[in-house]
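Asker: My structure is stored as my_file-v7.cif, with mmCIF, C-alpha atoms.
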data_query
loop_
_atom_site.label_atom_id
_atom_site.label_comp_id
_atom_site.auth_asym_id
_atom_site.auth_seq_id
_atom_site.Cartn_x
_atom_site.Cartn_y
_atom_site.Cartn_z
CA MET A 1 0.36 6.73 -30.16
CA ASN A 2 3.48 8.73 -29.40
CA PHE A 3 3.93 12.14 -27.87
CA PRO A 4 4.01 14.81 -30.56
CA ASN A 5 7.17 16.72 -31.33
CA PHE A 6 6.54 20.27 -30.18
CA ASP A 7 7.06 22.98 -32.74
CA ILE A 8 5.60 26.48 -32.31
CA GLN A 9 2.26 25.56 -33.85
CA GLN A 10 2.06 22.38 -31.79
CA LEU A 11 2.96 24.32 -28.67
CA LEU A 12 0.10 26.78 -29.26
CA ILE A 13 -2.33 23.91 -29.83
CA SER A 14 -1.12 22.32 -26.59
CA ILE A 15 -1.91 25.33 -24.40
CA PRO A 16 -5.75 25.04 -24.22
CA PRO A 17 -5.83 21.35 -23.16
CA LEU A 18 -2.96 22.02 -20.75
CA LEU A 19 -4.79 24.90 -19.06
CA PHE A 20 -8.02 22.91 -18.94
CA ALA A 21 -6.32 19.83 -17.44
CA LEU A 22 -4.44 21.74 -14.73
CA THR A 23 -7.42 23.93 -13.86
CA LEU A 24 -9.94 21.11 -13.46
CA HIS A 25 -7.39 19.06 -11.51
CA GLU A 26 -7.05 21.79 -8.89
CA VAL A 27 -10.74 22.73 -8.86
CA ALA A 28 -11.54 19.06 -8.22
CA HIS A 29 -9.31 19.14 -5.12
CA GLY A 30 -11.05 22.29 -3.91
CA VAL A 31 -14.56 20.93 -4.50
CA ALA A 32 -13.69 17.68 -2.70
CA ALA A 33 -12.24 19.62 0.24
CA LEU A 34 -15.40 21.73 0.41
CA HIS A 35 -17.48 18.54 0.40
CA PHE A 36 -15.62 17.38 3.51
CA GLY A 37 -16.12 20.72 5.25
CA ASP A 38 -13.05 22.76 4.29
CA PRO A 39 -13.95 26.13 2.68
CA THR A 40 -10.31 27.28 2.42
CA ALA A 41 -10.01 26.88 -1.36
CA LYS A 42 -13.40 28.47 -1.90
CA ASN A 43 -12.54 31.44 0.30
CA ALA A 44 -9.25 31.87 -1.56
CA GLY A 45 -11.04 32.00 -4.91
CA ARG A 46 -9.47 28.73 -6.04
CA LEU A 47 -12.71 27.09 -7.18
CA SER A 48 -12.53 29.38 -10.20
CA LEU A 49 -12.18 28.03 -13.74
CA ASN A 50 -9.77 30.88 -14.50
CA PRO A 51 -6.49 29.06 -15.29
CA LEU A 52 -4.36 31.98 -14.08
CA ARG A 53 -5.44 31.23 -10.51
CA HIS A 54 -3.97 27.73 -10.71
CA LEU A 55 -0.82 27.85 -12.85
CA ASP A 56 2.58 27.11 -11.38
CA PRO A 57 5.21 28.54 -13.79
CA LEU A 58 7.77 25.74 -13.33
CA GLY A 59 5.17 22.97 -13.39
CA THR A 60 3.53 24.36 -16.53
CA ILE A 61 6.83 24.65 -18.40
CA ALA A 62 7.79 21.13 -17.31
CA LEU A 63 4.50 19.72 -18.60
CA LEU A 64 4.92 21.41 -21.98
CA LEU A 65 8.56 20.38 -22.42
CA VAL A 66 8.83 16.95 -20.79
CA ASN A 67 5.18 15.85 -20.60
CA PHE A 68 4.78 15.86 -16.83
CA GLY A 69 4.22 18.75 -14.49
CA TRP A 70 1.95 20.27 -11.88
CA ALA A 71 -0.25 23.25 -11.01
CA LYS A 72 -0.24 25.49 -7.94
CA PRO A 73 -1.82 23.36 -5.20
CA VAL A 74 -5.12 24.57 -3.82
CA PRO A 75 -4.95 25.42 -0.11
CA VAL A 76 -6.45 22.71 2.09
CA ASN A 77 -6.84 22.90 5.87
CA PRO A 78 -7.24 19.38 7.34
CA ARG A 79 -8.44 20.87 10.63
CA TYR A 80 -11.88 21.15 9.06
CA PHE A 81 -11.98 17.41 8.37
CA LYS A 82 -13.56 14.90 10.73
CA ASP A 83 -10.87 12.34 9.84
CA PRO A 84 -7.94 14.32 8.38
CA LEU A 85 -5.99 11.40 6.90
CA LYS A 86 -8.99 9.60 5.39
CA ASP A 87 -10.71 12.76 4.14
CA MET A 88 -7.45 14.01 2.66
CA LEU A 89 -7.17 10.73 0.77
CA TRP A 90 -10.40 11.52 -1.07
CA VAL A 91 -9.42 15.14 -1.63
CA ALA A 92 -6.10 14.01 -3.14
CA LEU A 93 -7.77 11.31 -5.23
CA ALA A 94 -10.13 13.84 -6.83
CA GLY A 95 -7.32 15.46 -8.87
CA PRO A 96 -5.84 12.49 -10.76
CA VAL A 97 -9.27 10.88 -11.17
CA THR A 98 -10.46 14.08 -12.85
CA ASN A 99 -7.51 13.88 -15.25
CA LEU A 100 -8.35 10.25 -16.01
CA LEU A 101 -11.95 11.22 -16.79
CA LEU A 102 -10.72 14.08 -19.00
CA ALA A 103 -8.49 11.63 -20.88
CA ILE A 104 -11.45 9.32 -21.46
CA VAL A 105 -13.68 12.18 -22.63
CA SER A 106 -10.92 13.45 -24.95
CA LEU A 107 -10.57 10.01 -26.53
CA ILE A 108 -14.33 9.67 -26.98
CA LEU A 109 -14.48 13.09 -28.65
CA LEU A 110 -11.49 12.16 -30.83
CA LYS A 111 -13.30 9.01 -31.97
CA PHE A 112 -16.42 11.07 -32.73
CA LEU A 113 -14.29 13.54 -34.67
CA VAL A 114 -13.00 10.71 -36.84
CA VAL A 115 -16.59 9.65 -37.57
CA ILE A 116 -17.62 13.14 -38.75
CA SER A 117 -14.26 14.01 -40.33
CA GLY A 118 -15.67 13.90 -43.84
CA SER A 119 -17.97 16.84 -43.11
CA LEU A 120 -15.30 19.14 -41.66
CA PRO A 121 -12.67 21.24 -43.48
CA ARG A 122 -9.04 20.34 -42.76
CA SER A 123 -8.48 23.79 -41.23
CA ILE A 124 -10.82 22.76 -38.40
CA LEU A 125 -10.29 19.00 -38.37
CA LEU A 126 -6.51 18.99 -37.93
CA PRO A 127 -6.26 21.50 -35.03
CA MET A 128 -9.20 19.90 -33.20
CA GLY A 129 -7.77 16.42 -33.70
CA SER A 130 -4.35 17.49 -32.47
CA MET A 131 -5.85 19.26 -29.47
CA LEU A 132 -7.89 16.23 -28.43
CA GLN A 133 -4.95 13.88 -28.92
CA ILE A 134 -2.73 16.10 -26.79
CA SER A 135 -5.48 16.39 -24.18
CA PHE A 136 -5.75 12.60 -24.04
CA MET A 137 -2.02 12.03 -23.63
CA MET A 138 -1.46 14.96 -21.29
CA ASN A 139 -4.26 13.95 -18.92
CA VAL A 140 -3.04 10.36 -18.81
CA MET A 141 0.42 11.60 -17.87
CA LEU A 142 -0.93 14.02 -15.25
CA CYS A 143 -2.98 11.23 -13.72
CA ILE A 144 -0.02 8.84 -13.51
CA PHE A 145 2.41 11.53 -12.33
CA ASN A 146 0.16 12.66 -9.50
CA PHE A 147 -0.38 9.09 -8.30
CA LEU A 148 3.34 8.81 -7.49
CA PRO A 149 3.72 8.48 -3.68
CA ILE A 150 6.23 11.32 -3.43
CA PRO A 151 5.26 14.32 -1.25
CA PRO A 152 3.70 16.70 -2.07
CA LEU A 153 2.09 14.81 -4.99
CA ASP A 154 -1.43 13.46 -4.54
CA GLY A 155 -0.14 9.92 -4.32
CA SER A 156 1.54 10.69 -1.01
CA ARG A 157 -1.77 11.82 0.52
CA ILE A 158 -3.52 8.76 -0.86
CA LEU A 159 -0.87 6.47 0.59
CA ALA A 160 -1.00 8.28 3.94
CA GLY A 161 -4.75 7.68 4.05
CA ILE A 162 -4.23 3.96 3.50
CA LEU A 163 -1.35 3.42 5.94
CA PRO A 164 -1.90 2.90 9.69
CA ARG A 165 -1.96 6.27 11.43
CA GLU A 166 1.47 5.97 13.06
CA ALA A 167 3.12 4.85 9.83
CA ALA A 168 1.34 7.63 7.92
CA MET A 169 2.64 10.31 10.29
CA LYS A 170 6.21 9.02 9.95
CA TYR A 171 5.83 8.92 6.18
CA LEU A 172 4.51 12.49 5.97
CA HIS A 173 7.39 13.64 8.17
CA TYR A 174 9.62 13.39 5.09
CA GLU A 175 7.41 15.73 3.06
CA ARG A 176 10.00 18.49 3.44
CA TYR A 177 12.31 16.52 1.13
CA GLY A 178 9.65 15.85 -1.50
CA MET A 179 10.44 18.70 -3.90
CA LEU A 180 14.15 17.90 -3.78
CA ILE A 181 13.38 14.30 -4.71
CA LEU A 182 11.09 15.43 -7.53
CA LEU A 183 13.71 17.80 -8.94
CA ALA A 184 16.42 15.14 -8.71
CA LEU A 185 14.26 12.60 -10.55
CA MET A 186 13.40 15.20 -13.18
CA ILE A 187 16.98 16.34 -13.77
CA THR A 188 18.37 12.80 -13.96
CA GLY A 189 15.67 11.66 -16.38
CA VAL A 190 14.44 8.92 -14.06
CA PHE A 191 10.90 10.21 -14.38
CA GLY A 192 10.90 9.51 -18.09
CA ILE A 193 12.20 6.00 -17.54
CA ILE A 194 9.51 5.28 -14.95
CA LEU A 195 6.52 7.14 -16.33
CA GLN A 196 6.81 6.69 -20.09
CA PRO A 197 6.20 2.89 -20.15
CA ILE A 198 3.30 3.23 -17.70
CA SER A 199 1.82 6.06 -19.75
CA VAL A 200 2.08 4.07 -22.97
CA ALA A 201 0.43 1.05 -21.32
CA VAL A 202 -2.46 3.10 -19.91
CA ARG A 203 -2.98 4.95 -23.19
CA TYR A 204 -3.00 1.68 -25.12
CA MET A 205 -5.49 0.14 -22.69
CA LEU A 206 -7.85 3.12 -22.90
CA TYR A 207 -7.46 3.31 -26.66
CA SER A 208 -8.20 -0.40 -27.03
CA VAL A 209 -11.37 -0.14 -24.91
CA ILE A 210 -12.76 3.18 -26.19
CA ALA A 211 -11.45 3.74 -29.70
CA SER A 212 -11.56 0.19 -31.00
#
Would you mind writing the file's structure down as structure tokens?
Answerer:
Amino acid sequence: MNFPNFDIQQLLISIPPLLFALTLHEVAHGVAALHFGDPTAKNAGRLSLNPLRHLDPLGTIALLLVNFGWAKPVPVNPRYFKDPLKDMLWVALAGPVTNLLLAIVSLILLKFLVVISGSLPRSILLPMGSMLQISFMMNVMLCIFNFLPIPPLDGSRILAGILPREAAMKYLHYERYGMLILLALMITGVFGIILQPISVAVRYMLYSVIAS
């Protein structure tokens, strides 16, 4: 399975799964934070399923054009947590795990669509199939991208929760440089070199297990 070439029609078909993936990713962070005692996201209205509350313009464009991107992070206040580093680990993990689950669900629905394809007109079958395929690939990429241990991505919070406290604090001290590193990797194309093979491997593994 390869990433589709985006024409106008393909771009329009890509928008619903994109909005759904980014929205549920951020809502998952907010729900996890609330579970650990932080109502900040809830009070800010960020537990909403309205995509407009979660979109980051640059991250959305990047995801559509180069297949990796990000949403506007939900506000989290670690002062509410009993163990800020450990609780933040679970809050951070909620986002990419949600995208992995969405990828699995998309692939299951795609397999089901193939089974019932004979009873559906092409005008419905083709757009739905394309949408589910894009949802599968996009959520896999979002999951992998957010696991990267580069601040402020979720992977950095996960790693900080695993490291000894002193090492974690030193590591998070470099968070101010995170966006510069991300932009540099994006501009130089290093992201594609790193993420594409991993994405293909994960997609193949999931496809072999679920769609075989």
Asker: Evaluate the PyMOL selection byres ((chain A and resi 159) around 10) here and jot the selected residues down as a list in words.
Answerer: Leu85, Lys86, Leu89, Ala92, Phe147, Leu148, Pro149, Ile150, Asp154, Gly155, Ser156, Arg157, Ile158, Ala160, Gly161, Ile162, Leu163, Pro164, Ala168, Tyr171 and Leu172 of chain A
Asker: Ranking A:Ile210, A:Leu11, A:Leu55, A:Ile194 by minimum distance to Lys111 (chain A) and counting all atoms listed in the file, which one comes first?
Answerer: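 For Lys111 (chain A), the nearest of the candidates is A:Ile210.
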Asker: Which of these residues is nearest to Phe20 (chain A), using only C-alpha atoms: A:Phe136, A:Phe191, A:Tyr174, A:Phe112?
Answerer: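 Using only C-alpha atoms, the shortest distance to Phe20 (chain A) belongs to A:Phe136.
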Asker: From the list A:Val209, A:Met128, A:Cys143, A:Val202, which residue is nearest Gln10 (chain A) when using only C-alpha atoms?
Answerer: A:Met128
Asker: Go through A:Ala103, A:Val200, A:Ala94, A:Leu52 and flag the residue nearest Ala32 (chain A), using all atoms listed in the file for the distances.
Answerer: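 Among the listed residues, A:Ala94 lies closest to Ala32 (chain A).
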Asker: I'd like the contact shell of Ile181 (chain A) - 10 Å cut-off, all atoms listed in the file, skipping same-chain residues fewer than 5 positions apart - returned as a list in words.
Answerer: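 Neighbouring residues, sequence-local ones excluded: Ile150, Pro151, Glu175, Arg176, Met186 and Ile187 of chain A.
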Asker: Apply the PyMOL selection byres ((chain A and resi 77) around 12) to the structure shown and report the selected residues as a PyMOL selection string.
Answerer: chain A and resi 29-30+33-34+36-44+74-76+78-85+87-88+91
Asker: Give me, as a list in words, all polymer residues having an atom no more than 9 Å from Leu22 (chain A), counting only C-alpha atoms and skipping those fewer than 6 positions away in the same chain.
Answerer: Pro51, His54, Leu55, Thr60, Trp70, Ala71, Lys72, Asn99, Asn139 and Leu142 of chain A
Asker: So the first atom is CA of Leu126 (chain A) and the second is CA of Ile61 (chain A); what is the distance between them in Å, to one decimal place?
Answerer: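 CA of Ile61 (chain A) lies 24.3 Å from CA of Leu126 (chain A).
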Asker: So how many Å separate CA of Val27 (chain A) and CA of Ser48 (chain A), to one decimal?
Answerer: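 Atom-to-atom, CA of Val27 (chain A) and CA of Ser48 (chain A) are spaced 7.0 Å apart.
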Asker: Which residues are close to Val140 (chain A), i.e. within 10 Å by only C-alpha atoms, leaving aside same-chain residues fewer than 6 positions away? Reply as a VMD selection string.
Answerer: chain A and resid 68 96 to 97 99 to 104 134 198 to 200 202 to 203 206
Asker: The PyMOL selection byres ((chain A and resi 113) around 12) on the file shown: which residues, as a list in words?
Answerer: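 After applying the PyMOL selection byres ((chain A and resi 113) around 12), what remains is Ser106, Leu107, Ile108, Leu109, Leu110, Lys111, Phe112, Val114, Val115, Ile116, Ser117, Gly118, Ser119, Leu120, Pro121, Arg122, Ile124, Leu125, Leu126, Pro127, Met128, Gly129, Ser130, Met131, Leu132, Gln133 and Ala211 of chain A.
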Asker: My list of candidates is A:Ala21, A:Met138, A:Met205, A:Leu185. Which is closest to Asn50 (chain A) when distances are computed with all atoms listed in the file?
Answerer: A:Ala21
Asker: Which residue is closest to Ile15 (chain A)? Choose from A:Ser135, A:Pro197, A:Phe145, A:Val105 and count only C-alpha atoms.
Answerer: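 Selected residue with least distance to Ile15 (chain A): A:Ser135.
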Asker: To one decimal in Å, tell me the separation between CA of Ala62 (chain A) and CA of Gly95 (chain A).
Answerer: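 According to the coordinates, CA of Ala62 (chain A) and CA of Gly95 (chain A) are separated by 18.2 Å.
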Asker: Given 3 Å on each side, where is the centre and what are the edge lengths in Å to one decimal of the axis-aligned box enclosing the listed atoms of region 125-141 of chain A, as JSON?
Answerer:
{"center_x": -4.9, "center_y": 15.9, "center_z": -28.1, "size_x": 16.7, "size_y": 17.1, "size_z": 26.5}
